[in-house]
2 protein chains.
Amino acid sequence: VDVTLVDRDNYHLFQPLLYQVATSVLDPSQIAYPIRAILRRCRNAKFKMAAVTGIDLDGRRVLTSQGDIAYDRLVIAAGSVTNYFGIKGLDRRSFALKNLGQADLLRTRILEHFERAAAESDPEERRRLLSFAIVGGGPTGVEFAGALSELIHHVLSRDFPEIDVTQVRIVLADTQDHVLTPFARPLRRVAQRALEAKGVVLRLGVMVKDVDRAGLQLADGGRLDAATVVWMGGVRAAPLADALNSERGAQGRIRVDARSLRLIGRDDAYAIGDIAQLGDGSSPLPMLAPVAIQGGQHVAARIAAELSGQSVAAFSYRDKGTMATIGRHAAVAQVGRIRVSGFVGWLAWLFVHLILLVGFRSRIIVLINWAWDYFFRDRPVRLITVPDPKQPGEG
Amino acid sequence: VDVTLVDRDNYHLFQPLLYQVATSVLDPSQIAYPIRAILRRCRNAKFKMAAVTGIDLDGRRVLTSQGDIAYDRLVIAAGSVTNYFGIKGLDRRSFALKNLGQADLLRTRILEHFERAAAESDPEERRRLLSFAIVGGGPTGVEFAGALSELIHHVLSRDFPEIDVTQVRIVLADTQDHVLTPFARPLRRVAQRALEAKGVVLRLGVMVKDVDRAGLQLADGGRLDAATVVWMGGVRAAPLADALNSERGAQGRIRVDARSLRLIGRDDAYAIGDIAQLGDGSSPLPMLAPVAIQGGQHVAARIAAELSGQSVAAFSYRDKGTMATIGRHAAVAQVGRIRVSGFVGWLAWLFVHLILLVGFRSRIIVLINWAWDYFFRDRPVRLITVPDPKQPGEG
């Protein structure tokens, strides 16, 4: 078997800790690992850095920015992108958190707004600069809101004696009447109380209709104004799914046979991860890392078995549970019927995320940075690095 | 005394290790330290992030992108910028290494050229992509050339089995007939042999006249073609010196009184560091960190003494020596008459640079990354992060 891995980036990104790059805790190299370093051990695997522009399923060719690649078997694992639900201008007027560039940009703008607020004499404008709206009460929104609050109240409050941190406003909004939908009700309540204890204002049961310079227009006629809008309102299948002539499910995901993970009507193409809709149509599996990892393992085993003429059992997902942290000493986790929260949940969260990181060096350095944050309330990456084209001379 | 520190960046940059950011060894936060974190201990110091656009010496006002700042005493310490010696297009067609953005960009382009070379079928174009010309045989050029060679021969050679590393060409050019002018002759020879042992080709006694798409045109009619030109050919005073109505010296530096570091003819304005020309006109002090640090200490002591009516001795520079590393086990150092090279010089270099870093956390993490590089020949930050506007879909 000859394997060619095609990716537009030359690194594997550990997305669950991306919010810590955006909140000054971690540097990029701690969550991004070079793909070629991972593939060194695999003699029959090679890497091609290219953007995939389309797939010719009938002709068995992947079309890329670096030329076509012919294949015998295809595995599509292009992941997901931010879902703006068709709200015009939202992509330009809000920050998202799906890749390294966005994390660097978001960290830079948060710190820049504090610098501008420190220099601002108009109290109205100062309050505006210090207002943050996060839309989406899923794990990403909750973790980012908690980490942003701690960055501001533990670290920036001491960096900026000229700013009154009681003027900072962090709002977390969601269409549901609760946060963390995948979690059991008691855990959701724990998370909400932990967020409120950190000064995060919850606006639940609200829907965003429009965005303008001042902030968000809500469906009920209300407004949610903020200088910084962070959109974590949902994801959808990567655009590659749109370019494919294949059946689609919810969030534009490619429908696959639940047993084999093959594209409907194809015996040489598979889809796994966020871009694929596994399970039956009524209750598809969630867009989570364990689903992607188990899908990848299944397809690898299936292809190997087919080539050696053996058979393989149908794919079945083993629920590994899910967890989210709100900040120091506060996290929620559930695995089947086991539910953990508070300090124990937080330790479990730290441990699991350290283990999942690629590379021993990354684990040591993440541990050091976490310890620094914990003991000294210090976050090292308070760096304004991305020049703002609209603010010449400020970057 | 009320002190206002104005800087366009919100961090202090430890420039001597910038080349390690460009060669995948270090992340930005290990050499960039938030200014506000440094100033926390100083109750009478505040920070203003702004670009200085000019100085009205007679009106005692600093003009910035964020409004004017009135002063009683002024200390100018705006440093230096790359000197292109008026060669047209050189700034656009070459890489420099004076700030974090440039280091990220250079690292990204080096790795990108390897990705493109791996996909390239034309052997001519592949050789072009793998050619690097570094102009300037001072410490920065020598250290970067050595680190680039090790990145390629120790790390990328294993990442890219499809590339024949004997096709890589790293050329270090200088107008002098030797590298490392500030060092004694025996040390220069040690450095040259160490560079050649790493496969770096030396082109000495050549002068760059022009730059085009293919590379450099030399004054003697020869050429130095390379897909990547790194310009370390010299520095000059920051442009702020040009905007000032004050006497200037070599490299556009502001002339100051050798005893008091005051601007010529002013008793309320001082200049220190790379932007200032200290010493007498015939043999000004070099543009080095120890000169800047000692200048800063002197001016601080002088202002404090003047305010309390005391007198202070004239500034005198104590030579702290200078050092440069060419790579593992190879460095040269001289302090007065003491000259060290090889393994001992290398250990001295490592030790001194670790000590000079700001912050204990940075020191630990730099040490871990160095150990990783040393023992596993692994450089973690092999990340292509800066999108190339000319190569859509590749970044």
# chains A, B, ... in the order shown; residues from 1 in each chain; ligands from 1
>>> residues_around(residues="Gly54 in chain A", least_positions_apart="4", cutoff="7 Å", atoms="only C-alpha atoms", output="VMD selection string")
chain A and resid 62 to 64 240 243
>>> residues_around(residues="Asp373 in chain B", least_positions_apart="2", cutoff="12 Å", atoms="only C-alpha atoms", output="MDAnalysis selection string")
(chainID A and resid 361) or (chainID B and resid 20 23:26 147 150:151 154:155 327:328 366:371 375:381)
>>> closest_atom_pairs(of="chain A", to="chain B", cutoff="7 Å", atoms="only C-alpha atoms", output="tab-separated table")
residue	atom	partner	partner_atom	distance
A:Arg8	CA	B:Glu394	CA	6.1
A:Asp9	CA	B:Gly395	CA	6.5
A:Asn10	CA	B:Ile384	CA	6.3
A:Tyr11	CA	B:Leu383	CA	6.5
A:Asp27	CA	B:Asp27	CA	6.4
A:Ser29	CA	B:Val381	CA	5.3
A:Pro34	CA	B:Arg382	CA	6.1
A:Arg36	CA	B:Asp159	CA	5.3
A:Ala37	CA	B:Asp159	CA	6.2
A:Arg40	CA	B:Asp159	CA	6.5
A:Met49	CA	B:Glu115	CA	6.6
A:Ala50	CA	B:Glu394	CA	5.8
A:Ala51	CA	B:Gly393	CA	5.1
A:Ser65	CA	B:Gly393	CA	6.6
A:Glu115	CA	B:Met49	CA	6.6
A:Asp159	CA	B:Arg36	CA	5.3
A:Ile365	CA	B:Ile365	CA	6.7
A:Pro380	CA	B:Ser29	CA	6.4
A:Val381	CA	B:Ser29	CA	5.3
A:Arg382	CA	B:Pro34	CA	6.1
A:Leu383	CA	B:Tyr11	CA	6.5
A:Ile384	CA	B:Asn10	CA	6.3
A:Gly393	CA	B:Ala51	CA	5.1
A:Glu394	CA	B:Ala50	CA	5.8
A:Gly395	CA	B:Asp9	CA	6.5
>>> write_last_selection(atoms="C-alpha atoms", output="mmCIF file, in the first residue's frame")
data_model
loop_
_atom_site.group_PDB
_atom_site.id
_atom_site.type_symbol
_atom_site.label_atom_id
_atom_site.label_comp_id
_atom_site.auth_asym_id
_atom_site.auth_seq_id
_atom_site.Cartn_x
_atom_site.Cartn_y
_atom_site.Cartn_z
ATOM 1 C CA ARG A 8 -3.021 22.527 2.957
ATOM 2 C CA ASP A 9 -1.039 22.930 6.197
ATOM 3 C CA ASN A 10 2.223 21.177 6.973
ATOM 4 C CA TYR A 11 1.187 20.430 10.557
ATOM 5 C CA ASP A 27 2.616 29.098 21.617
ATOM 6 C CA SER A 29 4.327 24.819 18.302
ATOM 7 C CA PRO A 34 4.799 18.762 11.743
ATOM 8 C CA ARG A 36 6.342 14.990 8.131
ATOM 9 C CA ALA A 37 7.656 14.266 11.641
ATOM 10 C CA ARG A 40 8.799 9.602 9.377
ATOM 11 C CA MET A 49 1.296 20.016 0.923
ATOM 12 C CA ALA A 50 -1.460 21.294 -1.347
ATOM 13 C CA ALA A 51 -4.965 22.724 -1.235
ATOM 14 C CA SER A 65 -3.333 23.395 -6.262
ATOM 15 C CA GLU A 115 -3.878 48.945 24.801
ATOM 16 C CA ASP A 159 -0.716 44.730 33.425
ATOM 17 C CA ILE A 365 6.120 22.667 27.767
ATOM 18 C CA PRO A 380 3.551 34.269 28.692
ATOM 19 C CA VAL A 381 2.223 34.827 25.175
ATOM 20 C CA ARG A 382 0.791 38.329 25.698
ATOM 21 C CA LEU A 383 2.176 39.353 22.338
ATOM 22 C CA ILE A 384 0.628 41.631 19.748
ATOM 23 C CA GLY A 393 1.589 51.999 13.361
ATOM 24 C CA GLU A 394 -0.180 50.103 16.101
ATOM 25 C CA GLY A 395 1.002 46.624 15.182
#
>>> residues_around(residues="range 269-280 of chain A", least_positions_apart="5", cutoff="10 Å", atoms="only C-alpha atoms", output="ChimeraX atom specification")
/A:57,60,71-81,235-241,248-264,285-299,315-317
>>> residues_around(residues="Gly321 in chain A", least_positions_apart="5", cutoff="9 Å", atoms="only C-alpha atoms", output="CSV table (one decimal) with N, CA and C atoms, in the first residue's frame")
chain,number,residue,atom,x,y,z
A,290,PRO,N,-13.0,11.9,19.0
A,290,PRO,CA,-13.1,10.4,19.1
A,290,PRO,C,-13.8,9.8,18.0
A,333,ALA,N,-17.1,16.7,33.1
A,333,ALA,CA,-16.8,15.6,32.3
A,333,ALA,C,-17.8,14.5,32.5
A,334,GLN,N,-18.2,13.9,31.3
A,334,GLN,CA,-19.1,12.7,31.5
A,334,GLN,C,-18.7,11.6,30.5
A,335,VAL,N,-18.6,10.4,31.1
A,335,VAL,CA,-18.3,9.2,30.3
A,335,VAL,C,-19.4,8.2,30.6
A,336,GLY,N,-20.3,8.0,29.7
A,336,GLY,CA,-21.4,7.2,29.9
A,336,GLY,C,-22.2,7.7,31.1
>>> atom_distance(atom1="CA of Arg203 in chain B", atom2="CA of Gly146 in chain B")
15.1 Å
>>> residues_around(residues="Pro139 in chain A", least_positions_apart="6", cutoff="8 Å", atoms="only C-alpha atoms", output="list in words")
Leu180, Met323, Ala324 and Thr325 of chain A
>>> select_by_dssp(residues="range 26-211 of chain A", states="strand (DSSP E)", output="PyMOL selection string")
chain A and resi 32-34+45-49+52-56+61-64+67-70+74-76+80-82+131-135+169-174+200-204+208-211
>>> residues_around(residues="Ala145 in chain A", least_positions_apart="5", cutoff="12 Å", atoms="only C-alpha atoms", output="PyMOL selection string")
chain A and resi 19-20+22-23+132-140+150-152+169-173+179+191-192+194-202+229-232+324-327
>>> select_by_dssp(residues="range 59-226 of chain A", states="alpha helix (DSSP H)", output="mmCIF file with N, CA, C and O atoms, in the first residue's frame")
data_model
loop_
_atom_site.group_PDB
_atom_site.id
_atom_site.type_symbol
_atom_site.label_atom_id
_atom_site.label_comp_id
_atom_site.auth_asym_id
_atom_site.auth_seq_id
_atom_site.Cartn_x
_atom_site.Cartn_y
_atom_site.Cartn_z
ATOM 1 N N LEU A 90 -20.930 38.427 8.683
ATOM 2 C CA LEU A 90 -20.501 37.868 9.970
ATOM 3 C C LEU A 90 -19.074 37.340 9.910
ATOM 4 O O LEU A 90 -18.312 37.461 10.876
ATOM 5 N N ASP A 91 -18.702 36.779 8.752
ATOM 6 C CA ASP A 91 -17.335 36.242 8.646
ATOM 7 C C ASP A 91 -16.296 37.355 8.748
ATOM 8 O O ASP A 91 -15.229 37.167 9.325
ATOM 9 N N ARG A 92 -16.602 38.549 8.202
ATOM 10 C CA ARG A 92 -15.658 39.661 8.261
ATOM 11 C C ARG A 92 -15.681 40.362 9.613
ATOM 12 O O ARG A 92 -14.683 40.889 10.076
ATOM 13 N N ARG A 93 -16.865 40.388 10.247
ATOM 14 C CA ARG A 93 -17.036 41.218 11.441
ATOM 15 C C ARG A 93 -16.896 40.447 12.747
ATOM 16 O O ARG A 93 -17.120 41.002 13.827
ATOM 17 N N LEU A 100 -4.757 28.134 13.400
ATOM 18 C CA LEU A 100 -3.703 28.872 14.115
ATOM 19 C C LEU A 100 -3.712 30.361 13.815
ATOM 20 O O LEU A 100 -3.543 31.177 14.719
ATOM 21 N N GLY A 101 -3.902 30.711 12.526
ATOM 22 C CA GLY A 101 -3.902 32.119 12.149
ATOM 23 C C GLY A 101 -4.998 32.881 12.881
ATOM 24 O O GLY A 101 -4.787 33.999 13.356
ATOM 25 N N GLN A 102 -6.184 32.257 12.989
ATOM 26 C CA GLN A 102 -7.295 32.898 13.687
ATOM 27 C C GLN A 102 -6.989 33.050 15.178
ATOM 28 O O GLN A 102 -7.366 34.045 15.799
ATOM 29 N N ALA A 103 -6.313 32.062 15.760
ATOM 30 C CA ALA A 103 -5.981 32.132 17.189
ATOM 31 C C ALA A 103 -4.987 33.262 17.451
ATOM 32 O O ALA A 103 -5.146 34.030 18.408
ATOM 33 N N ASP A 104 -3.957 33.386 16.598
ATOM 34 C CA ASP A 104 -2.981 34.481 16.724
ATOM 35 C C ASP A 104 -3.676 35.832 16.584
ATOM 36 O O ASP A 104 -3.395 36.773 17.326
ATOM 37 N N LEU A 105 -4.570 35.910 15.592
ATOM 38 C CA LEU A 105 -5.284 37.152 15.323
ATOM 39 C C LEU A 105 -6.175 37.541 16.503
ATOM 40 O O LEU A 105 -6.182 38.702 16.926
ATOM 41 N N LEU A 106 -6.905 36.573 17.045
ATOM 42 C CA LEU A 106 -7.815 36.864 18.156
ATOM 43 C C LEU A 106 -7.027 37.319 19.390
ATOM 44 O O LEU A 106 -7.384 38.306 20.040
ATOM 45 N N ARG A 107 -5.914 36.634 19.703
ATOM 46 C CA ARG A 107 -5.080 37.041 20.844
ATOM 47 C C ARG A 107 -4.582 38.479 20.639
ATOM 48 O O ARG A 107 -4.664 39.316 21.543
ATOM 49 N N THR A 108 -4.092 38.752 19.427
ATOM 50 C CA THR A 108 -3.571 40.085 19.129
ATOM 51 C C THR A 108 -4.632 41.155 19.323
ATOM 52 O O THR A 108 -4.394 42.187 19.941
ATOM 53 N N ARG A 109 -5.862 40.912 18.809
ATOM 54 C CA ARG A 109 -6.905 41.944 18.891
ATOM 55 C C ARG A 109 -7.385 42.161 20.323
ATOM 56 O O ARG A 109 -7.697 43.285 20.716
ATOM 57 N N ILE A 110 -7.456 41.105 21.126
ATOM 58 C CA ILE A 110 -7.851 41.260 22.534
ATOM 59 C C ILE A 110 -6.851 42.184 23.235
ATOM 60 O O ILE A 110 -7.225 43.153 23.899
ATOM 61 N N LEU A 111 -5.561 41.893 23.070
ATOM 62 C CA LEU A 111 -4.523 42.697 23.728
ATOM 63 C C LEU A 111 -4.501 44.120 23.179
ATOM 64 O O LEU A 111 -4.324 45.089 23.928
ATOM 65 N N GLU A 112 -4.719 44.260 21.869
ATOM 66 C CA GLU A 112 -4.735 45.578 21.243
ATOM 67 C C GLU A 112 -5.877 46.421 21.787
ATOM 68 O O GLU A 112 -5.716 47.630 22.025
ATOM 69 N N HIS A 113 -7.042 45.792 21.992
ATOM 70 C CA HIS A 113 -8.170 46.535 22.537
ATOM 71 C C HIS A 113 -7.878 47.022 23.953
ATOM 72 O O HIS A 113 -8.306 48.103 24.337
ATOM 73 N N PHE A 114 -7.129 46.250 24.708
ATOM 74 C CA PHE A 114 -6.733 46.730 26.038
ATOM 75 C C PHE A 114 -5.760 47.902 25.918
ATOM 76 O O PHE A 114 -5.872 48.877 26.662
ATOM 77 N N GLU A 115 -4.804 47.816 24.990
ATOM 78 C CA GLU A 115 -3.878 48.945 24.801
ATOM 79 C C GLU A 115 -4.644 50.203 24.396
ATOM 80 O O GLU A 115 -4.361 51.300 24.886
ATOM 81 N N ARG A 116 -5.617 50.028 23.487
ATOM 82 C CA ARG A 116 -6.376 51.204 23.032
ATOM 83 C C ARG A 116 -7.256 51.748 24.145
ATOM 84 O O ARG A 116 -7.404 52.970 24.295
ATOM 85 N N ALA A 117 -7.839 50.840 24.945
ATOM 86 C CA ALA A 117 -8.684 51.286 26.059
ATOM 87 C C ALA A 117 -7.849 52.065 27.078
ATOM 88 O O ALA A 117 -8.309 53.060 27.645
ATOM 89 N N ALA A 118 -6.597 51.623 27.293
ATOM 90 C CA ALA A 118 -5.725 52.304 28.266
ATOM 91 C C ALA A 118 -5.425 53.733 27.829
ATOM 92 O O ALA A 118 -5.217 54.617 28.666
ATOM 93 N N ALA A 119 -5.413 53.965 26.498
ATOM 94 C CA ALA A 119 -5.079 55.290 25.971
ATOM 95 C C ALA A 119 -6.327 56.133 25.727
ATOM 96 O O ALA A 119 -6.227 57.310 25.377
ATOM 97 N N PRO A 123 -15.019 57.660 28.140
ATOM 98 C CA PRO A 123 -15.425 56.464 28.900
ATOM 99 C C PRO A 123 -16.350 55.534 28.104
ATOM 100 O O PRO A 123 -16.282 54.309 28.258
ATOM 101 N N GLU A 124 -17.176 56.117 27.248
ATOM 102 C CA GLU A 124 -18.088 55.344 26.398
ATOM 103 C C GLU A 124 -17.298 54.403 25.487
ATOM 104 O O GLU A 124 -17.535 53.190 25.412
ATOM 105 N N GLU A 125 -16.315 54.995 24.783
ATOM 106 C CA GLU A 125 -15.493 54.239 23.847
ATOM 107 C C GLU A 125 -14.647 53.199 24.585
ATOM 108 O O GLU A 125 -14.426 52.105 24.090
ATOM 109 N N ARG A 126 -14.195 53.557 25.795
ATOM 110 C CA ARG A 126 -13.395 52.628 26.578
ATOM 111 C C ARG A 126 -14.219 51.388 26.933
ATOM 112 O O ARG A 126 -13.771 50.267 26.777
ATOM 113 N N ARG A 127 -15.460 51.628 27.367
ATOM 114 C CA ARG A 127 -16.344 50.499 27.693
ATOM 115 C C ARG A 127 -16.589 49.635 26.462
ATOM 116 O O ARG A 127 -16.631 48.417 26.549
ATOM 117 N N ARG A 128 -16.756 50.285 25.299
ATOM 118 C CA ARG A 128 -16.991 49.532 24.072
ATOM 119 C C ARG A 128 -15.787 48.636 23.763
ATOM 120 O O ARG A 128 -15.938 47.450 23.446
ATOM 121 N N LEU A 129 -14.570 49.193 23.879
ATOM 122 C CA LEU A 129 -13.362 48.420 23.568
ATOM 123 C C LEU A 129 -13.216 47.213 24.497
ATOM 124 O O LEU A 129 -12.630 46.203 24.133
ATOM 125 N N PRO A 139 -18.799 23.470 23.996
ATOM 126 C CA PRO A 139 -17.532 23.383 24.723
ATOM 127 C C PRO A 139 -16.542 24.480 24.327
ATOM 128 O O PRO A 139 -15.909 25.101 25.196
ATOM 129 N N THR A 140 -16.401 24.788 23.018
ATOM 130 C CA THR A 140 -15.429 25.802 22.589
ATOM 131 C C THR A 140 -15.772 27.176 23.161
ATOM 132 O O THR A 140 -14.905 27.877 23.682
ATOM 133 N N GLY A 141 -17.057 27.555 23.071
ATOM 134 C CA GLY A 141 -17.477 28.855 23.583
ATOM 135 C C GLY A 141 -17.294 28.962 25.086
ATOM 136 O O GLY A 141 -16.811 29.972 25.595
ATOM 137 N N VAL A 142 -17.642 27.902 25.800
ATOM 138 C CA VAL A 142 -17.525 27.904 27.262
ATOM 139 C C VAL A 142 -16.055 27.964 27.673
ATOM 140 O O VAL A 142 -15.664 28.754 28.547
ATOM 141 N N GLU A 143 -15.204 27.161 27.028
ATOM 142 C CA GLU A 143 -13.789 27.135 27.398
ATOM 143 C C GLU A 143 -13.128 28.473 27.069
ATOM 144 O O GLU A 143 -12.335 28.988 27.859
ATOM 145 N N PHE A 144 -13.468 29.044 25.907
ATOM 146 C CA PHE A 144 -12.875 30.332 25.548
ATOM 147 C C PHE A 144 -13.340 31.433 26.506
ATOM 148 O O PHE A 144 -12.541 32.254 26.955
ATOM 149 N N ALA A 145 -14.632 31.446 26.839
ATOM 150 C CA ALA A 145 -15.161 32.478 27.739
ATOM 151 C C ALA A 145 -14.469 32.404 29.097
ATOM 152 O O ALA A 145 -14.067 33.433 29.665
ATOM 153 N N GLY A 146 -14.303 31.200 29.630
ATOM 154 C CA GLY A 146 -13.635 31.039 30.924
ATOM 155 C C GLY A 146 -12.186 31.488 30.866
ATOM 156 O O GLY A 146 -11.694 32.191 31.754
ATOM 157 N N ALA A 147 -11.483 31.094 29.784
ATOM 158 C CA ALA A 147 -10.060 31.436 29.652
ATOM 159 C C ALA A 147 -9.877 32.936 29.437
ATOM 160 O O ALA A 147 -8.922 33.539 29.942
ATOM 161 N N LEU A 148 -10.800 33.565 28.691
ATOM 162 C CA LEU A 148 -10.725 35.014 28.460
ATOM 163 C C LEU A 148 -10.928 35.758 29.777
ATOM 164 O O LEU A 148 -10.207 36.712 30.088
ATOM 165 N N SER A 149 -11.901 35.312 30.561
ATOM 166 C CA SER A 149 -12.163 35.957 31.848
ATOM 167 C C SER A 149 -10.940 35.863 32.755
ATOM 168 O O SER A 149 -10.551 36.845 33.400
ATOM 169 N N GLU A 150 -10.301 34.702 32.792
ATOM 170 C CA GLU A 150 -9.116 34.551 33.649
ATOM 171 C C GLU A 150 -7.940 35.381 33.121
ATOM 172 O O GLU A 150 -7.196 35.970 33.903
ATOM 173 N N SER A 157 -5.449 42.587 34.393
ATOM 174 C CA SER A 157 -5.801 43.547 35.447
ATOM 175 C C SER A 157 -4.538 44.081 36.117
ATOM 176 O O SER A 157 -4.500 45.224 36.563
ATOM 177 N N ARG A 158 -3.482 43.260 36.190
ATOM 178 C CA ARG A 158 -2.231 43.736 36.788
ATOM 179 C C ARG A 158 -1.332 44.420 35.758
ATOM 180 O O ARG A 158 -0.497 45.245 36.108
ATOM 181 N N ASP A 159 -1.503 44.070 34.483
ATOM 182 C CA ASP A 159 -0.716 44.730 33.425
ATOM 183 C C ASP A 159 -1.200 46.155 33.179
ATOM 184 O O ASP A 159 -0.433 47.010 32.745
ATOM 185 N N ARG A 185 -27.923 17.581 32.542
ATOM 186 C CA ARG A 185 -28.379 18.837 33.102
ATOM 187 C C ARG A 185 -27.613 19.329 34.330
ATOM 188 O O ARG A 185 -27.276 20.511 34.402
ATOM 189 N N PRO A 186 -27.316 18.452 35.292
ATOM 190 C CA PRO A 186 -26.576 18.949 36.465
ATOM 191 C C PRO A 186 -25.210 19.525 36.089
ATOM 192 O O PRO A 186 -24.768 20.518 36.669
ATOM 193 N N LEU A 187 -24.567 18.917 35.103
ATOM 194 C CA LEU A 187 -23.251 19.426 34.687
ATOM 195 C C LEU A 187 -23.377 20.777 33.991
ATOM 196 O O LEU A 187 -22.538 21.667 34.154
ATOM 197 N N ARG A 188 -24.450 20.936 33.201
ATOM 198 C CA ARG A 188 -24.672 22.243 32.558
ATOM 199 C C ARG A 188 -24.807 23.343 33.610
ATOM 200 O O ARG A 188 -24.265 24.435 33.448
ATOM 201 N N ARG A 189 -25.545 23.002 34.677
ATOM 202 C CA ARG A 189 -25.753 24.005 35.731
ATOM 203 C C ARG A 189 -24.444 24.340 36.427
ATOM 204 O O ARG A 189 -24.173 25.501 36.745
ATOM 205 N N VAL A 190 -23.613 23.320 36.656
ATOM 206 C CA VAL A 190 -22.292 23.556 37.253
ATOM 207 C C VAL A 190 -21.494 24.515 36.372
ATOM 208 O O VAL A 190 -20.883 25.475 36.853
ATOM 209 N N ALA A 191 -21.524 24.252 35.072
ATOM 210 C CA ALA A 191 -20.759 25.083 34.137
ATOM 211 C C ALA A 191 -21.283 26.519 34.156
ATOM 212 O O ALA A 191 -20.496 27.483 34.162
ATOM 213 N N GLN A 192 -22.609 26.689 34.151
ATOM 214 C CA GLN A 192 -23.172 28.033 34.149
ATOM 215 C C GLN A 192 -22.782 28.804 35.406
ATOM 216 O O GLN A 192 -22.404 29.970 35.325
ATOM 217 N N ARG A 193 -22.851 28.113 36.553
ATOM 218 C CA ARG A 193 -22.466 28.794 37.800
ATOM 219 C C ARG A 193 -20.984 29.170 37.783
ATOM 220 O O ARG A 193 -20.604 30.248 38.233
ATOM 221 N N ALA A 194 -20.151 28.276 37.244
ATOM 222 C CA ALA A 194 -18.704 28.556 37.188
ATOM 223 C C ALA A 194 -18.430 29.752 36.284
ATOM 224 O O ALA A 194 -17.591 30.606 36.594
ATOM 225 N N LEU A 195 -19.157 29.839 35.163
ATOM 226 C CA LEU A 195 -18.977 30.975 34.251
ATOM 227 C C LEU A 195 -19.405 32.268 34.939
ATOM 228 O O LEU A 195 -18.715 33.291 34.851
ATOM 229 N N GLU A 196 -20.554 32.237 35.600
ATOM 230 C CA GLU A 196 -21.056 33.445 36.261
ATOM 231 C C GLU A 196 -20.128 33.882 37.380
ATOM 232 O O GLU A 196 -19.912 35.079 37.593
ATOM 233 N N ALA A 197 -19.530 32.906 38.076
ATOM 234 C CA ALA A 197 -18.571 33.243 39.131
ATOM 235 C C ALA A 197 -17.357 33.952 38.547
ATOM 236 O O ALA A 197 -16.674 34.708 39.236
#
>>> residues_around(residues="Val1 in chain A", least_positions_apart="2", cutoff="12 Å", atoms="only C-alpha atoms", output="list in words")
Val3, Thr4, Cys42, Arg43, Asn44, Ala45, Lys46, Tyr71, Asp72, Arg73, Ala300, Ile303, Ala304, Ala305, Glu306, Leu307 and Ser308 of chain A
>>> write_last_selection(atoms="C-alpha atoms", output="PDB file, in the first residue's frame")
ATOM      1  CA  VAL A   3      -0.308   6.253   1.189  1.00  0.00           C
ATOM      2  CA  THR A   4      -0.309   9.932   0.184  1.00  0.00           C
ATOM      3  CA  CYS A  42       5.880   5.140   8.007  1.00  0.00           C
ATOM      4  CA  ARG A  43       7.978   4.095   5.030  1.00  0.00           C
ATOM      5  CA  ASN A  44       5.019   3.735   2.679  1.00  0.00           C
ATOM      6  CA  ALA A  45       3.452   7.089   3.492  1.00  0.00           C
ATOM      7  CA  LYS A  46       4.301  10.401   1.891  1.00  0.00           C
ATOM      8  CA  TYR A  71      -5.913   7.081  -6.420  1.00  0.00           C
ATOM      9  CA  ASP A  72      -7.228   3.541  -6.016  1.00  0.00           C
ATOM     10  CA  ARG A  73      -8.826   4.226  -2.673  1.00  0.00           C
ATOM     11  CA  ALA A 300      -7.498   1.691   7.781  1.00  0.00           C
ATOM     12  CA  ILE A 303      -8.753  -1.354   3.527  1.00  0.00           C
ATOM     13  CA  ALA A 304      -6.005  -3.631   4.894  1.00  0.00           C
ATOM     14  CA  ALA A 305      -8.527  -6.459   5.361  1.00  0.00           C
ATOM     15  CA  GLU A 306      -9.969  -6.043   1.861  1.00  0.00           C
ATOM     16  CA  LEU A 307      -6.516  -6.208   0.304  1.00  0.00           C
ATOM     17  CA  SER A 308      -5.680  -9.424   2.128  1.00  0.00           C
TER      18      SER A 308
END
